[in-house]
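A.B. asks: Just one file: query-v6.cif, with mmCIF, C-alpha atoms.
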```cif
data_coords
loop_
_atom_site.label_atom_id
_atom_site.label_comp_id
_atom_site.auth_asym_id
_atom_site.auth_seq_id
_atom_site.Cartn_x
_atom_site.Cartn_y
_atom_site.Cartn_z
CA MET A 137 23.20 21.70 6.97
CA THR A 138 23.68 25.10 5.35
CA ILE A 139 20.87 26.78 3.48
CA VAL A 140 22.27 27.91 0.12
CA ARG A 141 19.14 28.61 -1.92
CA LYS A 142 15.42 29.24 -1.65
CA ALA A 143 13.26 26.12 -1.61
CA THR A 144 9.68 25.19 -0.87
CA SER A 145 7.71 22.10 0.06
CA GLY A 146 4.17 21.08 0.94
CA THR A 147 0.88 22.42 -0.34
CA SER A 148 -2.01 24.66 0.66
CA ASP A 149 -4.34 21.68 1.04
CA SER A 150 -6.22 21.10 4.25
CA SER A 151 -4.08 19.30 6.89
CA ASP A 152 -0.89 20.29 5.08
CA ALA A 153 1.64 23.12 5.44
CA PHE A 154 3.46 25.12 2.78
CA VAL A 155 7.04 25.83 3.79
CA ILE A 156 9.41 28.37 2.23
CA ILE A 157 13.04 28.42 3.34
CA GLU A 158 15.71 30.93 2.29
CA PRO A 159 19.29 31.75 3.25
CA SER A 160 19.65 34.24 6.09
CA GLU A 161 22.30 35.54 8.49
CA THR A 162 20.06 34.67 11.44
CA LEU A 163 17.39 32.12 12.33
CA GLU A 164 13.89 33.49 11.68
CA ILE A 165 10.68 31.48 11.82
CA ASN A 166 7.40 33.01 10.68
CA VAL A 167 4.18 31.00 11.07
CA GLU A 168 0.78 31.77 9.60
CA SER A 169 -1.90 29.32 10.62
CA VAL A 170 -5.66 28.91 10.57
CA VAL A 171 -5.27 27.80 14.20
CA PHE A 172 -2.51 30.21 15.21
CA ASN A 173 -4.09 31.21 18.50
CA GLN A 174 -4.32 27.61 19.69
CA TYR A 175 -1.26 26.08 18.08
CA GLY A 176 1.04 28.86 16.87
CA LYS A 177 3.56 28.23 19.63
CA ALA A 178 3.54 24.45 19.10
CA ILE A 179 4.02 24.83 15.35
CA THR A 180 6.95 27.20 15.84
CA GLU A 181 8.49 24.75 18.28
CA ALA A 182 8.06 21.84 15.85
CA VAL A 183 9.84 23.85 13.17
CA ARG A 184 12.63 24.88 15.54
CA LYS A 185 13.11 21.27 16.68
CA THR A 186 13.40 20.00 13.12
CA LEU A 187 15.89 22.71 12.15
CA LYS A 188 18.00 21.84 15.18
CA GLU A 189 17.95 18.12 14.36
CA LEU A 190 19.15 18.93 10.86
CA GLY A 191 21.87 21.25 12.12
CA VAL A 192 20.39 24.38 10.53
CA GLU A 193 21.49 27.46 12.48
CA LYS A 194 20.77 30.20 9.97
CA ALA A 195 17.67 30.39 7.76
CA SER A 196 14.53 32.33 7.10
CA VAL A 197 11.61 29.88 7.40
CA SER A 198 8.03 30.74 6.56
CA VAL A 199 5.26 28.25 7.29
CA LYS A 200 1.71 28.66 5.99
CA ASP A 201 -0.13 26.05 8.00
CA ARG A 202 -3.53 24.65 7.07
CA GLY A 203 -4.11 22.52 10.13
CA ALA A 204 -1.16 20.16 9.76
CA ILE A 205 -0.17 17.94 12.68
CA ASP A 206 3.39 18.09 14.01
CA CYS A 207 4.79 15.16 12.02
CA VAL A 208 3.49 16.69 8.78
CA ILE A 209 5.00 20.10 9.57
CA GLN A 210 8.28 18.41 10.43
CA ALA A 211 8.22 16.41 7.20
CA ARG A 212 7.62 19.53 5.12
CA VAL A 213 10.36 21.48 6.92
CA GLU A 214 12.82 18.61 6.49
CA THR A 215 12.05 18.37 2.77
CA ALA A 216 12.47 22.12 2.28
CA VAL A 217 15.79 22.10 4.18
CA ILE A 218 17.18 19.26 2.07
CA ARG A 219 16.08 20.97 -1.14
CA ALA A 220 17.57 24.27 0.03
CA SER A 221 20.89 22.76 0.96
CA GLN A 222 21.78 20.03 -1.55
CA GLU A 223 23.83 20.53 -4.64
CA VAL A 224 21.83 20.97 -7.83
CA LYS A 225 22.35 17.99 -10.18
CA LYS A 226 23.80 19.05 -13.51
CA MET B 55 -7.19 -11.55 6.21
CA ARG B 56 -6.79 -9.33 3.18
CA ARG B 57 -9.93 -8.85 1.11
CA SER B 58 -9.40 -5.25 0.11
CA MET B 59 -6.40 -2.98 -0.46
CA LEU B 60 -6.92 0.80 -0.76
CA PHE B 61 -4.44 3.07 -2.55
CA ILE B 62 -3.53 6.23 -0.63
CA PRO B 63 -1.45 8.96 -2.38
CA GLY B 64 1.82 9.28 -0.52
CA ASN B 65 2.00 13.09 -0.64
CA SER B 66 -1.45 13.79 0.80
CA PRO B 67 -1.40 14.31 4.59
CA ASN B 68 -5.18 14.36 4.93
CA LEU B 69 -5.67 11.01 3.22
CA LEU B 70 -2.66 9.42 4.93
CA MET B 71 -3.89 10.38 8.40
CA ASN B 72 -7.36 8.96 7.83
CA ALA B 73 -6.36 5.91 5.83
CA ASP B 74 -6.89 3.30 8.52
CA VAL B 75 -10.50 4.24 9.31
CA LEU B 76 -11.78 3.72 5.78
CA GLY B 77 -12.46 0.01 6.36
CA SER B 78 -9.89 -1.52 4.04
CA ASP B 79 -8.01 -4.60 5.26
CA SER B 80 -4.80 -3.15 3.80
CA ILE B 81 -3.71 0.34 2.77
CA ILE B 82 -1.18 0.94 0.01
CA LEU B 83 0.83 4.09 0.73
CA ASP B 84 1.79 5.10 -2.77
CA LEU B 85 5.17 6.64 -3.54
CA GLU B 86 4.92 5.81 -7.25
CA ASP B 87 2.17 6.82 -9.67
CA ALA B 88 0.31 9.07 -7.20
CA VAL B 89 3.40 11.25 -6.73
CA SER B 90 5.00 13.47 -9.39
CA PRO B 91 8.75 13.07 -10.00
CA ALA B 92 9.42 16.49 -8.45
CA GLU B 93 7.75 15.45 -5.20
CA LYS B 94 9.20 11.96 -4.68
CA ASP B 95 11.50 13.25 -1.91
CA SER B 96 8.61 15.01 -0.19
CA ALA B 97 6.27 12.00 -0.27
CA ARG B 98 8.97 9.65 1.00
CA ILE B 99 9.68 11.82 4.05
CA LEU B 100 5.96 12.41 4.70
CA VAL B 101 5.11 8.68 4.57
CA ARG B 102 8.10 7.93 6.78
CA ASN B 103 6.92 10.45 9.40
CA LEU B 104 3.34 9.15 9.32
CA LEU B 105 4.54 5.54 9.78
CA LYS B 106 6.68 6.72 12.67
CA THR B 107 3.80 8.56 14.35
CA PHE B 108 0.57 6.69 13.56
CA PRO B 109 0.04 3.15 14.88
CA TYR B 110 -2.27 2.19 11.96
CA ASP B 111 -3.61 -0.61 14.16
CA ASN B 112 -6.69 -1.33 12.09
CA CYS B 113 -5.06 -2.44 8.89
CA GLU B 114 -2.04 -3.90 7.18
CA ILE B 115 0.48 -1.43 5.74
CA ILE B 116 1.80 -1.84 2.21
CA VAL B 117 4.11 0.72 0.62
CA ARG B 118 4.32 0.94 -3.17
CA ILE B 119 7.87 2.04 -3.89
CA ASN B 120 9.18 3.29 -7.21
CA SER B 121 10.29 0.74 -9.76
CA VAL B 122 13.82 -0.67 -9.96
CA ASP B 123 14.53 1.18 -13.20
CA THR B 124 14.25 4.57 -11.41
CA GLU B 125 16.65 6.48 -9.18
CA PHE B 126 14.13 6.50 -6.32
CA TRP B 127 13.52 2.92 -5.16
CA LYS B 128 16.55 2.43 -2.92
CA LYS B 129 15.95 5.69 -1.05
CA ASP B 130 12.27 4.70 -0.68
CA LEU B 131 13.32 1.49 1.08
CA GLU B 132 16.02 3.19 3.19
CA GLU B 133 13.54 5.73 4.58
CA ILE B 134 10.53 3.44 5.03
CA LEU B 135 11.91 0.10 6.22
CA PRO B 136 12.95 1.22 9.73
CA TYR B 137 9.23 1.71 10.44
CA LYS B 138 8.39 -1.85 9.43
CA PRO B 139 5.63 -1.71 6.86
CA ASP B 140 4.09 -5.17 6.51
CA MET B 141 4.75 -5.40 2.79
CA ILE B 142 6.54 -3.64 -0.03
CA MET B 143 4.91 -3.45 -3.47
CA PRO B 144 7.48 -3.16 -6.28
CA PRO B 145 5.66 -1.96 -9.41
CA LYS B 146 6.25 -3.01 -13.04
CA THR B 147 7.60 -6.38 -11.94
CA SER B 148 8.33 -8.28 -15.14
CA CYS B 149 10.55 -11.20 -14.11
CA ALA B 150 12.08 -13.05 -11.16
CA LYS B 151 15.20 -10.87 -11.37
CA ASP B 152 13.10 -7.77 -10.54
CA VAL B 153 11.85 -9.55 -7.41
CA LYS B 154 15.31 -10.71 -6.36
CA THR B 155 16.80 -7.24 -6.87
CA VAL B 156 14.33 -5.69 -4.43
CA SER B 157 14.44 -8.65 -2.03
CA SER B 158 18.21 -8.62 -1.72
CA TYR B 159 18.29 -4.87 -0.99
CA ILE B 160 15.59 -5.36 1.64
CA ALA B 161 17.64 -8.22 3.13
CA LYS B 162 20.66 -5.89 3.39
CA LEU B 163 18.54 -3.29 5.20
CA GLU B 164 16.95 -5.91 7.47
CA ARG B 165 20.43 -7.02 8.60
CA LYS B 166 21.46 -3.40 9.19
CA LEU B 167 18.28 -2.72 11.19
CA GLY B 168 18.48 -5.95 13.16
CA PHE B 169 15.20 -7.33 11.81
CA ALA B 170 14.63 -11.07 11.55
CA LYS B 171 15.19 -12.42 8.05
CA ASN B 172 12.21 -12.01 5.69
CA THR B 173 10.32 -9.77 8.13
CA ILE B 174 9.19 -7.53 5.27
CA LYS B 175 7.08 -9.30 2.67
CA LEU B 176 6.66 -8.51 -1.02
CA ILE B 177 3.56 -8.15 -3.20
CA PRO B 178 4.91 -7.59 -6.73
CA LEU B 179 2.64 -5.59 -9.01
CA ILE B 180 2.40 -7.21 -12.42
CA GLU B 181 1.39 -4.69 -15.07
CA THR B 182 3.31 -5.58 -18.20
CA ALA B 183 2.82 -8.26 -20.86
CA LEU B 184 6.17 -9.77 -19.92
CA GLY B 185 5.17 -9.80 -16.26
CA VAL B 186 1.94 -11.64 -17.06
CA GLU B 187 3.83 -14.28 -19.04
CA ASN B 188 6.35 -14.62 -16.19
CA ALA B 189 3.70 -14.65 -13.46
CA TYR B 190 4.61 -18.06 -11.97
CA GLU B 191 8.32 -17.24 -12.05
CA ILE B 192 7.57 -13.97 -10.19
CA ALA B 193 5.21 -15.58 -7.68
CA SER B 194 7.76 -18.27 -6.80
CA ALA B 195 10.92 -16.12 -7.10
CA ASP B 196 11.55 -15.53 -3.42
CA PRO B 197 10.27 -16.63 0.02
CA ARG B 198 9.41 -12.98 0.67
CA VAL B 199 6.65 -13.00 -1.97
CA ALA B 200 3.32 -13.32 -0.14
CA ALA B 201 1.04 -12.32 -3.02
CA ILE B 202 0.95 -10.98 -6.56
CA PHE B 203 -1.23 -8.17 -7.83
CA LEU B 204 -2.56 -7.34 -11.30
CA GLY B 205 -2.36 -3.75 -12.56
CA ALA B 206 -4.65 -3.47 -15.59
CA GLU B 207 -4.22 0.19 -16.49
CA ASP B 208 -0.53 -0.05 -17.36
CA LEU B 209 -1.06 -3.55 -18.74
CA SER B 210 -3.69 -2.43 -21.25
CA ALA B 211 -1.30 0.31 -22.40
CA ASP B 212 1.38 -2.35 -22.87
CA LEU B 213 -1.12 -4.52 -24.75
CA ARG B 214 -2.01 -1.50 -26.90
CA CYS B 215 -5.71 -1.88 -26.29
CA LYS B 216 -8.43 0.08 -24.54
CA ARG B 217 -9.23 -0.63 -20.90
CA THR B 218 -12.93 -1.45 -20.58
CA LYS B 219 -15.38 -2.13 -17.77
CA GLU B 220 -16.20 -5.51 -19.24
CA GLY B 221 -12.52 -6.45 -18.95
CA THR B 222 -12.32 -8.84 -21.90
CA GLU B 223 -8.88 -7.44 -22.73
CA ILE B 224 -7.50 -8.54 -19.33
CA LEU B 225 -9.28 -11.89 -18.96
CA TYR B 226 -6.23 -13.93 -19.94
CA ALA B 227 -4.01 -11.89 -17.59
CA ARG B 228 -6.47 -12.34 -14.71
CA GLN B 229 -6.67 -16.09 -15.19
CA ARG B 230 -2.94 -16.48 -15.72
CA LEU B 231 -2.15 -14.63 -12.50
CA VAL B 232 -4.65 -16.68 -10.48
CA VAL B 233 -3.23 -19.97 -11.76
CA ALA B 234 0.36 -18.80 -11.21
CA ALA B 235 -0.36 -17.61 -7.69
CA ARG B 236 -2.11 -20.81 -6.66
CA ALA B 237 0.65 -22.92 -8.19
CA ALA B 238 3.17 -20.91 -6.14
CA ASN B 239 0.93 -21.02 -3.04
CA VAL B 240 0.62 -17.24 -2.67
CA ASP B 241 -2.39 -14.91 -2.67
CA VAL B 242 -3.49 -12.93 -5.72
CA TYR B 243 -5.22 -9.53 -6.02
CA ASP B 244 -7.30 -8.05 -8.78
CA THR B 245 -6.86 -4.65 -10.40
CA PRO B 246 -8.90 -1.64 -9.17
CA PHE B 247 -12.21 -0.77 -10.80
CA THR B 248 -11.67 2.74 -12.03
CA ASP B 249 -15.19 4.17 -12.32
CA VAL B 250 -15.57 5.68 -8.89
CA ASN B 251 -19.25 6.51 -9.41
CA ASP B 252 -20.46 3.14 -10.67
CA ASP B 253 -21.77 1.44 -7.53
CA GLU B 254 -23.19 -1.55 -9.40
CA GLY B 255 -20.16 -1.93 -11.61
CA ILE B 256 -17.76 -2.40 -8.69
CA ILE B 257 -19.87 -5.19 -7.24
CA LYS B 258 -20.09 -6.95 -10.60
CA ASP B 259 -16.34 -6.55 -11.22
CA ALA B 260 -15.41 -7.76 -7.72
CA ALA B 261 -17.79 -10.72 -7.98
CA PHE B 262 -16.27 -11.70 -11.31
CA ALA B 263 -12.76 -11.49 -9.84
CA LYS B 264 -13.86 -13.70 -6.97
CA SER B 265 -15.37 -16.24 -9.34
CA LEU B 266 -11.98 -16.51 -11.09
CA GLY B 267 -10.25 -17.29 -7.80
CA PHE B 268 -8.78 -13.95 -6.70
CA THR B 269 -8.14 -13.58 -2.98
CA GLY B 270 -9.31 -9.95 -2.99
CA LYS B 271 -9.23 -6.71 -4.90
CA ALA B 272 -7.54 -3.32 -4.76
CA SER B 273 -9.35 0.01 -5.01
CA ILE B 274 -8.50 3.62 -5.67
CA SER B 275 -11.61 4.95 -3.92
CA PRO B 276 -12.81 4.51 -0.31
CA ARG B 277 -16.27 4.16 -1.81
CA HIS B 278 -15.30 0.77 -3.23
CA VAL B 279 -13.98 -0.72 0.01
CA ASP B 280 -17.30 -1.91 1.49
CA PRO B 281 -18.54 -3.57 -1.73
CA ILE B 282 -15.18 -5.36 -2.11
CA ASN B 283 -15.19 -6.51 1.51
CA THR B 284 -18.75 -7.79 1.12
CA VAL B 285 -18.04 -9.69 -2.08
CA PHE B 286 -14.89 -11.31 -0.70
CA SER B 287 -16.45 -12.22 2.65
CA PRO B 288 -18.26 -15.52 2.99
CA SER B 289 -22.05 -15.17 3.11
CA LYS B 290 -24.11 -16.39 6.10
CA ALA B 291 -25.19 -19.37 4.03
CA ASP B 292 -21.53 -20.16 3.16
CA ILE B 293 -20.55 -19.96 6.83
CA GLU B 294 -23.46 -22.14 7.93
CA TYR B 295 -22.62 -24.73 5.30
CA ALA B 296 -18.93 -24.70 6.29
CA HIS B 297 -19.82 -25.48 9.91
CA GLN B 298 -22.15 -28.26 8.76
CA VAL B 299 -19.34 -29.76 6.68
CA MET B 300 -16.92 -29.75 9.62
CA GLN B 301 -19.58 -31.20 11.91
CA ALA B 302 -20.32 -33.95 9.38
CA ILE B 303 -16.61 -34.80 9.26
CA GLU B 304 -16.45 -34.98 13.07
CA ASP B 305 -19.58 -37.14 13.23
CA ALA B 306 -18.20 -39.49 10.59
CA LYS B 307 -14.91 -39.83 12.47
CA ALA B 308 -16.77 -40.63 15.68
CA GLN B 309 -18.78 -43.31 13.88
CA GLY B 310 -15.71 -44.73 12.18
CA LYS B 311 -17.03 -43.86 8.73
CA GLY B 312 -14.60 -43.08 5.91
CA VAL B 313 -17.09 -41.59 3.46
CA VAL B 314 -19.19 -38.58 4.34
CA ALA B 315 -22.23 -37.12 2.60
CA LEU B 316 -24.04 -33.87 3.34
CA ARG B 317 -27.25 -32.72 1.65
CA GLY B 318 -26.89 -35.63 -0.77
CA LYS B 319 -23.36 -34.68 -1.88
CA MET B 320 -20.07 -36.40 -1.08
CA ILE B 321 -17.71 -34.35 1.02
CA ASP B 322 -14.21 -34.74 -0.32
CA ALA B 323 -10.91 -33.03 0.52
CA PRO B 324 -11.44 -29.84 -1.55
CA VAL B 325 -14.86 -29.30 0.08
CA VAL B 326 -13.34 -29.69 3.54
CA GLU B 327 -10.51 -27.29 2.64
CA ARG B 328 -12.99 -24.65 1.40
CA ALA B 329 -15.00 -25.09 4.61
CA ARG B 330 -11.89 -24.65 6.71
CA GLN B 331 -10.95 -21.45 4.83
CA THR B 332 -14.48 -20.10 5.25
CA ILE B 333 -14.40 -20.70 9.00
CA GLU B 334 -11.00 -18.98 9.23
CA MET B 335 -12.44 -15.95 7.44
CA GLU B 336 -15.45 -15.98 9.75
CA LYS B 337 -13.08 -15.82 12.75
CA ALA B 338 -11.04 -13.02 11.17
CA ILE B 339 -14.12 -10.94 10.29
CA TYR B 340 -16.40 -11.55 13.27
CA GLY B 341 -13.94 -12.69 15.91
CA VAL B 342 -16.00 -15.79 16.72
#
```
Produce structure tokens that represent the structure in this file.

C.D. replies:
Amino acid sequence: MTIVRKATSGTSDSSDAFVIIEPSETLEINVESVVFNQYGKAITEAVRKTLKELGVEKASVSVKDRGAIDCVIQARVETAVIRASQEVKK
Amino acid sequence: MRRSMLFIPGNSPNLLMNADVLGSDSIILDLEDAVSPAEKDSARILVRNLLKTFPYDNCEIIVRINSVDTEFWKKDLEEILPYKPDMIMPPKTSCAKDVKTVSSYIAKLERKLGFAKNTIKLIPLIETALGVENAYEIASADPRVAAIFLGAEDLSADLRCKRTKEGTEILYARQRLVVAARAANVDVYDTPFTDVNDDEGIIKDAAFAKSLGFTGKASISPRHVDPINTVFSPSKADIEYAHQVMQAIEDAKAQGKGVVALRGKMIDAPVVERARQTIEMEKAIYGV
């Protein structure tokens, strides 16, 4: 998938993650998390894995995590990618 | 055993992750009214991922999809069905055709996924005047239908009346659904009680639903789950009586008697059937 516009998904609620994705010439992942020290690496890896599965090679992804588990982070990233890549309905 | 069903908003990770420890026999993962139109895609993917990851061993899984007059319902089924929810709840079901539309799309997906026919059951939500009038037709529309469920909030809007705690405005609908369900040999569930803070009101409302013949009741608050489970569980006295009935039947058989009395009352077929159902519930609740 190709990222063609900025899109967001998720919320700032506890156990959720807010994801912002924008077009970029490279792949950049930026994670802010209340548990960054313990899980920062795992969160980044979950994001990277989801982007790979969706065929996204270039994007700027920002994740503001509020204690979300992997499958929630992956769901929010997937939603943001689809929103950032699909054609806008007229 | 399904005494209680708890609604869980489909776009709320915190509630979804903890849903199966709240004590409800079933959880309804809601993709419809609890999710705004702009977030339907997000909730669908989130619920799909949670179903994929969490075993949800302690309860039955029901997913309320969007109604057949929206653009969302087919995608809801396509994302969710691979993870085998126990039941699908199509909302605003007004006639047999609504049931068949959903059932035939599920059948198509079951074939594609290699599931046995009719693996996924249906619990149509009846919340329109037309749906209430067509309750028997809906309950008997398809082998997939395992239960029907009354939604009083939307119904009272359709009836153009106020929704009240007393529930006079939905009495006909409640009774009609119970009769229709029993005639079609499926279960039937009562509408949620919407005052989350009224601890006495929920017990009274659940007890009334039980007295009309409902199998159980839905709730929108975890706080209502225990009262609903208590009301729809047989009491110790009911269980004791049920065992006495079955023992009396066994004793009569052994003595070659055709007519059985217990505590001065004749035991006929309906009494035996109620005793059997009570003992089944005892086994399901207490594992005896």

A.B. asks: From the list A:Glu168, A:Glu189, A:Glu181, A:Asp201, which residue is nearest Glu214 in chain A when using only C-alpha atoms?

C.D. replies: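 For Glu214 in chain A, the nearest of the candidates is A:Glu189.
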
A.B. asks: Residues of chain A within 10 Å of chain B, using all atoms listed in the file, as an MDAnalysis selection string?

C.D. replies: chainID A and resid 145:147 149:153 203:216 218:219

A.B. asks: In file coordinates, which residues lie within 7 Å of (-12.1, -9.1, -1.9) using only C-alpha atoms, given as an MDAnalysis selection string?

C.D. replies: chainID B and resid 57:58 260 269:271 282:283 285:286

A.B. asks: Restricting it to C-alpha atoms, dump the selection as a PDB file, in the coordinates of the input.

C.D. replies:
```pdb
ATOM      1  CA  ARG B  57      -9.930  -8.850   1.110  1.00  0.00           C
ATOM      2  CA  SER B  58      -9.400  -5.250   0.110  1.00  0.00           C
ATOM      3  CA  ALA B 260     -15.410  -7.760  -7.720  1.00  0.00           C
ATOM      4  CA  THR B 269      -8.140 -13.580  -2.980  1.00  0.00           C
ATOM      5  CA  GLY B 270      -9.310  -9.950  -2.990  1.00  0.00           C
ATOM      6  CA  LYS B 271      -9.230  -6.710  -4.900  1.00  0.00           C
ATOM      7  CA  ILE B 282     -15.180  -5.360  -2.110  1.00  0.00           C
ATOM      8  CA  ASN B 283     -15.190  -6.510   1.510  1.00  0.00           C
ATOM      9  CA  VAL B 285     -18.040  -9.690  -2.080  1.00  0.00           C
ATOM     10  CA  PHE B 286     -14.890 -11.310  -0.700  1.00  0.00           C
TER      11      PHE B 286
END
```

A.B. asks: Hey, what comes out of the PyMOL selection byres ((chain A and resi 161) around 7) on this file? Could you write it as a ChimeraX atom specification?

C.D. replies: /A:160,162,194-195

A.B. asks: Selection in question (the file shown): the PyMOL selection byres ((chain A and resi 169) around 8). Which residues does it include, as a count of residues only?

C.D. replies: 11

A.B. asks: For the structure shown, which residues end up in the PyMOL selection byres ((chain B and resi 81) around 8)? Put them as a short mmCIF file (atom, residue, chain, number, x, y, z; two decimals) with C-alpha atoms, in the frame of the given file, please?

C.D. replies:
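Final output, selection-v7.cif:
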```
data_model
loop_
_atom_site.label_atom_id
_atom_site.label_comp_id
_atom_site.auth_asym_id
_atom_site.auth_seq_id
_atom_site.Cartn_x
_atom_site.Cartn_y
_atom_site.Cartn_z
CA MET B 59 -6.40 -2.98 -0.46
CA LEU B 60 -6.92 0.80 -0.76
CA PHE B 61 -4.44 3.07 -2.55
CA ILE B 62 -3.53 6.23 -0.63
CA ALA B 73 -6.36 5.91 5.83
CA ASP B 74 -6.89 3.30 8.52
CA SER B 78 -9.89 -1.52 4.04
CA ASP B 79 -8.01 -4.60 5.26
CA SER B 80 -4.80 -3.15 3.80
CA ILE B 82 -1.18 0.94 0.01
CA LEU B 83 0.83 4.09 0.73
CA CYS B 113 -5.06 -2.44 8.89
CA GLU B 114 -2.04 -3.90 7.18
CA ILE B 115 0.48 -1.43 5.74
CA ILE B 116 1.80 -1.84 2.21
#
```

A.B. asks: One decimal, Å: what's the distance from CA of Met55 in chain B over to CA of Pro144 in chain B, could you say?

C.D. replies: 21.0 Å

A.B. asks: Could you jot down the CA of Lys290 in chain B to CA of Arg228 in chain B separation for me, Å, one decimal place?

C.D. replies: 27.6 Å

A.B. asks: Would you kindly return, as a VMD selection string, each protein, DNA or RNA residue with an atom no farther than 7 Å from any atom of Tyr190 in chain B, considering only C-alpha atoms and excluding same-chain residues fewer than 2 positions away?

C.D. replies: chain B and resid 188 192 to 194 234 to 235 238

A.B. asks: Once 8 Å is added on each side, what centre and edge lengths in Å to one decimal does the axis-aligned box around all listed atoms of range 257-264 of chain B have, as JSON?

C.D. replies:
```
{"center_x": -16.4, "center_y": -9.4, "center_z": -9.1, "size_x": 23.3, "size_y": 24.5, "size_z": 20.3}
```

A.B. asks: For Arg141 in chain A, work out the shell of residues within 6 Å, counting only C-alpha atoms and skipping chain neighbours fewer than 2 positions away, then give it as a VMD selection string.

C.D. replies: chain A and resid 139 158 220

A.B. asks: So that I can see what lies close to Met300 in chain B, please list as a list in words the residues with an atom at most 8 Å from it, counting all atoms listed in the file and leaving out residues fewer than 5 positions away in the same chain.

C.D. replies: Val326, Ala329 and Arg330 of chain B

A.B. asks: How would you write as JSON, numbers by chain the residues that get within 12 Å of (-10.5, -16.0, -11.5) in the file's frame, counting all atoms listed in the file?

C.D. replies: {"B": [204, 224, 225, 226, 227, 228, 229, 230, 231, 232, 233, 234, 235, 236, 242, 243, 244, 245, 259, 260, 261, 262, 263, 264, 265, 266, 267, 268, 269, 270, 271]}

A.B. asks: CA of Thr155 in chain B and CA of Leu179 in chain B are how many Å apart?

C.D. replies: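 So the two atoms, CA of Thr155 in chain B and CA of Leu179 in chain B, lie 14.4 Å apart.
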
A.B. asks: Excluding Ala211 in chain B and any residue of its chain fewer than 4 positions from it, enumerate the residues within 12 Å of it, using all atoms listed in the file, and give them as a list in words.

C.D. replies: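 Using all atoms listed in the file, the neighbours found are Glu181, Thr182, Ala183, Gly205, Ala206, Glu207, Cys215, Lys216, Arg217, Thr218, Glu223 and Ile224 of chain B.
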